[in-house]
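Participant: What follows is the file upload.txt, containing compact mmCIF, C-alpha atoms:
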```
# COMPACT_ATOMS: atom_id res chain seq x y z
CA MET A 1 95.07 98.36 100.88
CA ALA A 2 96.40 95.49 98.75
CA PHE A 3 95.47 95.30 95.06
CA TRP A 4 93.66 91.97 95.52
CA ASP A 5 91.39 93.59 98.11
CA GLU A 6 90.73 96.70 96.01
CA LYS A 7 90.20 95.27 92.55
CA THR A 8 88.07 92.67 90.87
CA LEU A 9 89.85 90.09 88.74
CA GLU A 10 88.75 92.03 85.66
CA GLU A 11 90.36 95.23 86.94
CA MET A 12 93.77 93.69 87.60
CA SER A 13 96.76 94.35 85.39
CA PRO A 14 98.50 91.37 83.77
CA THR A 15 101.27 91.64 86.39
CA GLU A 16 98.77 91.65 89.25
CA TRP A 17 96.91 88.72 87.69
CA GLU A 18 100.10 86.65 87.45
CA ALA A 19 101.07 87.57 91.02
CA LEU A 20 97.91 85.90 92.30
CA CYS A 21 99.21 82.43 91.47
CA ASP A 22 100.49 80.87 94.70
CA GLY A 23 102.62 78.35 92.80
CA CYS A 24 100.98 75.30 94.36
CA GLY A 25 100.89 73.31 91.10
CA ARG A 26 97.47 71.78 91.78
CA CYS A 27 96.06 73.01 88.48
CA CYS A 28 98.88 71.17 86.68
CA LEU A 29 97.89 67.74 87.95
CA ILE A 30 96.37 65.45 85.36
CA LYS A 31 92.64 65.05 85.74
CA LEU A 32 90.61 62.11 84.47
CA GLU A 33 86.93 62.14 83.72
CA ASP A 34 84.74 59.15 84.47
CA GLU A 35 82.99 58.57 81.14
CA ASP A 36 79.85 57.21 82.79
CA THR A 37 79.30 59.80 85.52
CA GLY A 38 81.30 62.81 84.32
CA THR A 39 83.07 62.86 87.69
CA LEU A 40 86.53 64.40 87.60
CA ILE A 41 89.32 62.49 89.29
CA THR A 42 92.58 64.22 90.15
CA SER A 43 95.78 62.21 89.94
CA ASP A 44 99.20 62.73 91.45
CA VAL A 45 100.64 62.73 87.93
CA ARG A 46 101.87 66.17 86.93
CA CYS A 47 102.00 67.81 83.53
CA ARG A 48 105.26 67.15 81.75
CA LEU A 49 106.13 70.84 81.98
CA LEU A 50 105.70 71.13 85.75
CA ASP A 51 108.91 70.90 87.76
CA GLY A 52 108.05 68.64 90.71
CA ASP A 53 110.48 70.39 93.06
CA SER A 54 109.88 74.06 92.29
CA CYS A 55 106.22 73.69 91.19
CA ALA A 56 107.00 76.05 88.32
CA CYS A 57 106.18 75.52 84.68
CA THR A 58 109.39 74.88 82.77
CA ASP A 59 108.03 76.75 79.74
CA TYR A 60 105.28 79.04 80.97
CA PRO A 61 105.23 81.33 77.89
CA GLY A 62 105.17 78.35 75.48
CA ARG A 63 103.08 75.96 77.54
CA GLN A 64 99.98 76.01 75.37
CA ALA A 65 101.97 75.27 72.22
CA LYS A 66 103.69 72.31 73.91
CA VAL A 67 100.67 71.08 75.86
CA PRO A 68 97.60 71.81 73.73
CA ASP A 69 95.13 70.95 76.50
CA CYS A 70 96.80 73.33 78.96
CA ILE A 71 94.14 75.78 80.05
CA LYS A 72 95.08 79.41 80.48
CA LEU A 73 93.03 80.86 83.30
CA THR A 74 91.14 84.01 82.37
CA THR A 75 88.64 86.24 84.09
CA GLU A 76 85.96 84.47 82.05
CA ASN A 77 86.85 80.81 82.60
CA VAL A 78 88.07 80.99 86.21
CA ARG A 79 84.45 81.08 87.33
CA GLU A 80 83.42 78.19 85.08
CA ILE A 81 86.13 75.55 85.40
CA LYS A 82 84.91 73.06 88.00
CA TRP A 83 88.31 71.52 88.78
CA ILE A 84 90.00 74.72 89.95
CA PRO A 85 90.98 73.98 93.57
CA THR A 86 89.06 75.75 96.33
CA THR A 87 92.45 77.00 97.56
CA CYS A 88 93.20 78.79 94.27
CA ALA A 89 93.59 82.56 94.67
CA TYR A 90 91.74 83.21 91.40
CA ARG A 91 88.77 81.15 92.56
CA ARG A 92 88.84 82.60 96.08
CA ILE A 93 88.81 86.18 94.77
CA ALA A 94 86.10 85.37 92.22
CA GLU A 95 84.02 83.97 95.10
CA GLY A 96 84.66 87.06 97.26
CA LYS A 97 86.80 85.20 99.83
CA GLY A 98 90.06 87.11 99.42
CA LEU A 99 93.47 85.51 99.74
CA ALA A 100 94.19 82.84 102.33
CA TRP A 101 96.58 83.65 105.18
CA TRP A 102 99.17 81.25 103.76
CA HIS A 103 99.22 82.83 100.28
CA PRO A 104 102.70 84.29 99.55
CA LEU A 105 101.25 87.76 98.92
CA VAL A 106 99.81 87.69 102.45
CA SER A 107 102.45 85.68 104.33
CA GLY A 108 105.40 87.22 102.50
CA ASP A 109 106.92 83.76 102.07
CA PRO A 110 106.35 81.32 99.16
CA GLN A 111 107.34 78.46 101.51
CA THR A 112 104.06 78.91 103.41
CA VAL A 113 102.19 77.19 100.55
CA VAL A 114 104.43 74.15 101.04
CA ASP A 115 104.36 74.27 104.85
CA VAL A 116 100.54 74.19 105.07
CA GLY A 117 100.29 71.29 102.59
CA VAL A 118 98.70 73.09 99.63
CA SER A 119 101.69 72.67 97.30
CA VAL A 120 102.19 69.55 95.20
CA LYS A 121 105.97 69.84 95.77
CA GLY A 122 107.50 66.40 96.20
CA ARG A 123 104.11 64.64 96.01
CA THR A 124 103.76 63.90 92.32
CA PHE A 125 104.99 61.72 89.49
CA ALA A 126 106.15 63.08 86.15
CA GLU A 127 103.83 62.39 83.24
CA GLU A 128 106.65 60.58 81.42
CA GLU A 129 107.18 58.21 84.39
CA VAL A 130 103.63 56.88 84.43
CA ALA A 131 101.95 54.95 81.64
CA PRO A 132 98.69 56.70 80.64
CA ASP A 133 96.72 53.49 81.11
CA THR A 134 97.74 53.50 84.81
CA TRP A 135 96.87 57.14 85.60
CA GLU A 136 93.62 56.01 87.17
CA GLU A 137 95.68 54.09 89.75
CA HIS A 138 97.18 57.44 90.72
CA ALA A 139 93.86 58.99 91.79
CA VAL A 140 94.27 61.07 94.95
CA ASP A 141 92.00 63.25 97.03
CA TRP A 142 94.62 65.42 98.76
CA PRO A 143 94.47 68.15 96.09
CA GLU A 144 90.94 68.86 97.36
CA TRP A 145 92.18 69.39 100.92
CA GLU A 146 92.03 72.91 102.28
CA PRO A 147 94.00 74.16 105.29
CA PRO A 148 92.20 75.85 108.19
CA GLU A 149 91.47 79.55 107.81
CA SER A 150 94.09 80.26 110.48
CA LEU A 151 96.53 78.44 112.70
```
Please express what this file holds, its structure, as structure tokens.
Facilitator:
Amino acid sequence: MAFWDEKTLEEMSPTEWEALCDGCGRCCLIKLEDEDTGTLITSDVRCRLLDGDSCACTDYPGRQAKVPDCIKLTTENVREIKWIPTTCAYRRIAEGKGLAWWHPLVSGDPQTVVDVGVSVKGRTFAEEEVAPDTWEEHAVDWPEWEPPESL
């Protein structure tokens, strides 16, 4: 049996925890909060540290020093952060859903995340390319999309 089926998030080793990330990049999209309603809006503007082609952080170990509002997911906050995508492995496991069929640990291929449309690869703008006062114009709903449970 696979570790993600046997263990809770709290029981996982740091290596197992890191392996859960599917590399989609959705959590690295800039979110805006409507001041009046508190509604979160996701943009297609990516954090300055996210490589738009590989969907990898260019400085993962130093990300929080370089981007102070970068949130490190933990067993405590993964259940509380409202903007974590429904496709996120951490959220899925916390909710008892297990990993999706397209997750690289299940499919054996990191390209599956791209093929099913979960990845932000090639769909975003770099933070430096977009003026902050225009981020609202970059609001998108595709990061909320979830592929079917099977093909």
Participant: From the options A:Asp53, A:Glu146, A:Thr15, A:Glu129, which residue's atoms come nearest to Arg92 of chain A, counting all atoms listed in the file?
Facilitator: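 Result for the nearest residue to Arg92 of chain A: A:Glu146.
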Participant: Please list as a list in words every residue within 10 Å of Glu128 of chain A, counting all atoms listed in the file and excluding residues in the same chain fewer than 6 positions away.
Facilitator: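 Everything that qualifies: Val45, Arg46, Cys47 and Arg48 of chain A.
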Participant: Can you pull out every residue within 12 Å of Glu80 of chain A, counting only C-alpha atoms, but drop anything in the same chain fewer than 6 positions away, and send it as a PyMOL selection string?
Facilitator: chain A and resi 73-74+90-91+94-95
Participant: Compile a residue-level contact table for segment 39-63 of chain A against segment 97-121 of chain A at a cut-off of 10 Å, reporting for every qualifying residue the shortest atom pair and its distance in Å to one decimal, with all atoms listed in the file counted, rows ordered by chain and ascending number, as a Markdown table.
Facilitator:
```
| residue | atom | partner | partner_atom | distance |
| --- | --- | --- | --- | --- |
| A:Asp44 | CA | A:Val120 | CA | 8.3 |
| A:Arg46 | CA | A:Val120 | CA | 8.9 |
| A:Asp51 | CA | A:Lys121 | CA | 8.6 |
| A:Gly52 | CA | A:Lys121 | CA | 5.6 |
| A:Asp53 | CA | A:Lys121 | CA | 5.3 |
| A:Ser54 | CA | A:Lys121 | CA | 6.7 |
| A:Cys55 | CA | A:Lys121 | CA | 6.0 |
| A:Ala56 | CA | A:Lys121 | CA | 9.8 |
```
Participant: Keeping only C-alpha atoms, write the selected residues as a tab-separated table (two decimals), keeping the file's coordinate frame.
Facilitator:
```tsv
chain	number	residue	atom	x	y	z
A	44	ASP	CA	99.20	62.73	91.45
A	46	ARG	CA	101.87	66.17	86.93
A	51	ASP	CA	108.91	70.90	87.76
A	52	GLY	CA	108.05	68.64	90.71
A	53	ASP	CA	110.48	70.39	93.06
A	54	SER	CA	109.88	74.06	92.29
A	55	CYS	CA	106.22	73.69	91.19
A	56	ALA	CA	107.00	76.05	88.32
```
Participant: Measuring between only C-alpha atoms, which one of A:Cys27, A:Leu50, A:Ile41, A:Ala19 shows the shortest distance to Trp135 of chain A?
Facilitator: A:Ile41
Participant: Rounded to one decimal place, report the atom CA of Val67 of chain A-atom CA of Arg79 of chain A distance in Å.
Facilitator: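 Computed distance, atom CA of Val67 of chain A to atom CA of Arg79 of chain A, equals 22.2 Å.
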Participant: Name all residues at most 12 Å from Asp34 of chain A (count only C-alpha atoms; drop same-chain ones fewer than 5 positions away) and give them as a ChimeraX atom specification.
Facilitator: /A:39-42,136,139
Participant: Go ahead and write the selection's residues with C-alpha atoms as a PDB file, in the frame of the given file.
Facilitator:
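Output below, filename result_6.pdb:
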```
ATOM      1  CA  THR A  39      83.070  62.860  87.690  1.00  0.00           C
ATOM      2  CA  LEU A  40      86.530  64.400  87.600  1.00  0.00           C
ATOM      3  CA  ILE A  41      89.320  62.490  89.290  1.00  0.00           C
ATOM      4  CA  THR A  42      92.580  64.220  90.150  1.00  0.00           C
ATOM      5  CA  GLU A 136      93.620  56.010  87.170  1.00  0.00           C
ATOM      6  CA  ALA A 139      93.860  58.990  91.790  1.00  0.00           C
TER       7      ALA A 139
END
```
Participant: What does the distance from atom CA of Asp141 of chain A to atom CA of Cys70 of chain A come to in Å, to one decimal?
Facilitator: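 Pair atom CA of Asp141 of chain A / atom CA of Cys70 of chain A returns 21.2 Å.
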Participant: Between A:Ile93, A:Pro148, A:Glu137, A:Pro61, which is the closest to Val78 of chain A once you count only C-alpha atoms?
Facilitator: A:Ile93
Participant: Considering all atoms listed in the file, state which residue in the set A:Glu76, A:Thr124, A:Ile71, A:Leu32 is at the smallest distance from Leu9 of chain A.
Facilitator: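 With all atoms listed in the file as the atom set, the closest residue is A:Glu76.
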Participant: Separation of atom CA of Val130 of chain A and atom CA of Cys28 of chain A, in Å?
Facilitator: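 About the pair atom CA of Val130 of chain A and atom CA of Cys28 of chain A: they are 15.2 Å apart.
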Participant: Of the residues A:Trp142, A:Phe125, A:Trp17, A:Tyr60, which is the one nearest to Phe3 of chain A, using all atoms listed in the file?
Facilitator: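 Once distances to Phe3 of chain A are computed over all atoms listed in the file, the minimum belongs to A:Trp17.
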Participant: Output file request: segment 11-46 of chain A, with N, CA and C atoms, as a JSON list (two decimals), in the first residue's frame.
Facilitator:
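Output saved as out-v4.json:
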```json
[["chain", "number", "residue", "atom", "x", "y", "z"],
["A", 11, "GLU", "N", 1.46, 11.96, 10.06],
["A", 11, "GLU", "CA", 2.36, 10.81, 10.18],
["A", 11, "GLU", "C", 3.44, 10.77, 9.10],
["A", 12, "MET", "N", 3.30, 11.60, 8.09],
["A", 12, "MET", "CA", 4.25, 11.55, 6.97],
["A", 12, "MET", "C", 5.59, 12.17, 7.33],
["A", 13, "SER", "N", 6.63, 11.59, 6.75],
["A", 13, "SER", "CA", 7.98, 12.16, 6.90],
["A", 13, "SER", "C", 8.06, 13.42, 6.04],
["A", 14, "PRO", "N", 9.06, 14.27, 6.29],
["A", 14, "PRO", "CA", 9.23, 15.45, 5.44],
["A", 14, "PRO", "C", 9.37, 15.10, 3.95],
["A", 15, "THR", "N", 10.03, 14.01, 3.64],
["A", 15, "THR", "CA", 10.19, 13.59, 2.24],
["A", 15, "THR", "C", 8.85, 13.18, 1.64],
["A", 16, "GLU", "N", 8.07, 12.44, 2.41],
["A", 16, "GLU", "CA", 6.74, 12.04, 1.93],
["A", 16, "GLU", "C", 5.85, 13.26, 1.75],
["A", 17, "TRP", "N", 5.90, 14.17, 2.70],
["A", 17, "TRP", "CA", 5.11, 15.41, 2.62],
["A", 17, "TRP", "C", 5.43, 16.15, 1.33],
["A", 18, "GLU", "N", 6.70, 16.36, 1.06],
["A", 18, "GLU", "CA", 7.11, 17.09, -0.15],
["A", 18, "GLU", "C", 6.71, 16.36, -1.42],
["A", 19, "ALA", "N", 6.73, 15.03, -1.38],
["A", 19, "ALA", "CA", 6.37, 14.24, -2.56],
["A", 19, "ALA", "C", 4.90, 14.40, -2.93],
["A", 20, "LEU", "N", 4.08, 14.82, -1.99],
["A", 20, "LEU", "CA", 2.65, 14.99, -2.28],
["A", 20, "LEU", "C", 2.38, 16.13, -3.26],
["A", 21, "CYS", "N", 3.24, 17.11, -3.31],
["A", 21, "CYS", "CA", 3.00, 18.24, -4.21],
["A", 21, "CYS", "C", 3.02, 17.75, -5.65],
["A", 22, "ASP", "N", 1.95, 18.04, -6.39],
["A", 22, "ASP", "CA", 1.87, 17.59, -7.78],
["A", 22, "ASP", "C", 2.55, 18.56, -8.75],
["A", 23, "GLY", "N", 3.02, 19.70, -8.23],
["A", 23, "GLY", "CA", 3.73, 20.65, -9.08],
["A", 23, "GLY", "C", 2.84, 21.45, -10.01],
["A", 24, "CYS", "N", 1.58, 21.59, -9.67],
["A", 24, "CYS", "CA", 0.65, 22.31, -10.55],
["A", 24, "CYS", "C", 0.90, 23.81, -10.58],
["A", 25, "GLY", "N", 1.36, 24.38, -9.47],
["A", 25, "GLY", "CA", 1.61, 25.81, -9.39],
["A", 25, "GLY", "C", 0.40, 26.65, -9.01],
["A", 26, "ARG", "N", -0.75, 26.05, -8.83],
["A", 26, "ARG", "CA", -1.96, 26.81, -8.51],
["A", 26, "ARG", "C", -1.83, 27.62, -7.22],
["A", 27, "CYS", "N", -1.13, 27.06, -6.24],
["A", 27, "CYS", "CA", -1.01, 27.78, -4.97],
["A", 27, "CYS", "C", -0.10, 29.01, -5.11],
["A", 28, "CYS", "N", 0.65, 29.09, -6.20],
["A", 28, "CYS", "CA", 1.58, 30.20, -6.41],
["A", 28, "CYS", "C", 0.99, 31.31, -7.27],
["A", 29, "LEU", "N", -0.29, 31.23, -7.55],
["A", 29, "LEU", "CA", -0.97, 32.31, -8.28],
["A", 29, "LEU", "C", -1.35, 33.39, -7.28],
["A", 30, "ILE", "N", -1.26, 34.62, -7.71],
["A", 30, "ILE", "CA", -1.59, 35.73, -6.82],
["A", 30, "ILE", "C", -3.10, 35.81, -6.64],
["A", 31, "LYS", "N", -3.48, 35.90, -5.37],
["A", 31, "LYS", "CA", -4.89, 36.00, -5.01],
["A", 31, "LYS", "C", -5.17, 37.41, -4.51],
["A", 32, "LEU", "N", -6.35, 37.89, -4.84],
["A", 32, "LEU", "CA", -6.79, 39.21, -4.40],
["A", 32, "LEU", "C", -8.04, 39.03, -3.55],
["A", 33, "GLU", "N", -8.17, 39.86, -2.56],
["A", 33, "GLU", "CA", -9.35, 39.78, -1.70],
["A", 33, "GLU", "C", -10.21, 41.01, -1.90],
["A", 34, "ASP", "N", -11.48, 40.79, -2.19],
["A", 34, "ASP", "CA", -12.43, 41.88, -2.31],
["A", 34, "ASP", "C", -12.62, 42.46, -0.92],
["A", 35, "GLU", "N", -12.27, 43.73, -0.74],
["A", 35, "GLU", "CA", -12.31, 44.36, 0.58],
["A", 35, "GLU", "C", -13.72, 44.43, 1.16],
["A", 36, "ASP", "N", -14.72, 44.51, 0.29],
["A", 36, "ASP", "CA", -16.09, 44.64, 0.77],
["A", 36, "ASP", "C", -16.71, 43.30, 1.18],
["A", 37, "THR", "N", -16.44, 42.26, 0.38],
["A", 37, "THR", "CA", -17.10, 40.98, 0.62],
["A", 37, "THR", "C", -16.19, 39.92, 1.23],
["A", 38, "GLY", "N", -14.87, 40.13, 1.14],
["A", 38, "GLY", "CA", -13.92, 39.13, 1.63],
["A", 38, "GLY", "C", -13.71, 38.00, 0.63],
["A", 39, "THR", "N", -14.36, 38.09, -0.52],
["A", 39, "THR", "CA", -14.22, 37.06, -1.55],
["A", 39, "THR", "C", -12.81, 37.05, -2.11],
["A", 40, "LEU", "N", -12.24, 35.86, -2.25],
["A", 40, "LEU", "CA", -10.92, 35.72, -2.83],
["A", 40, "LEU", "C", -11.04, 35.53, -4.33],
["A", 41, "ILE", "N", -10.21, 36.25, -5.05],
["A", 41, "ILE", "CA", -10.17, 36.17, -6.51],
["A", 41, "ILE", "C", -8.79, 35.67, -6.89],
["A", 42, "THR", "N", -8.73, 34.65, -7.72],
["A", 42, "THR", "CA", -7.45, 34.13, -8.18],
["A", 42, "THR", "C", -7.12, 34.75, -9.53],
["A", 43, "SER", "N", -5.88, 35.16, -9.68],
["A", 43, "SER", "CA", -5.44, 35.75, -10.94],
["A", 43, "SER", "C", -4.57, 34.75, -11.70],
["A", 44, "ASP", "N", -4.25, 35.11, -12.94],
["A", 44, "ASP", "CA", -3.31, 34.30, -13.72],
["A", 44, "ASP", "C", -1.91, 34.91, -13.65],
["A", 45, "VAL", "N", -1.68, 35.69, -12.60],
["A", 45, "VAL", "CA", -0.36, 36.27, -12.34],
["A", 45, "VAL", "C", 0.32, 35.37, -11.32],
["A", 46, "ARG", "N", 1.52, 34.93, -11.66],
["A", 46, "ARG", "CA", 2.23, 34.00, -10.78],
["A", 46, "ARG", "C", 3.25, 34.73, -9.93]]
```
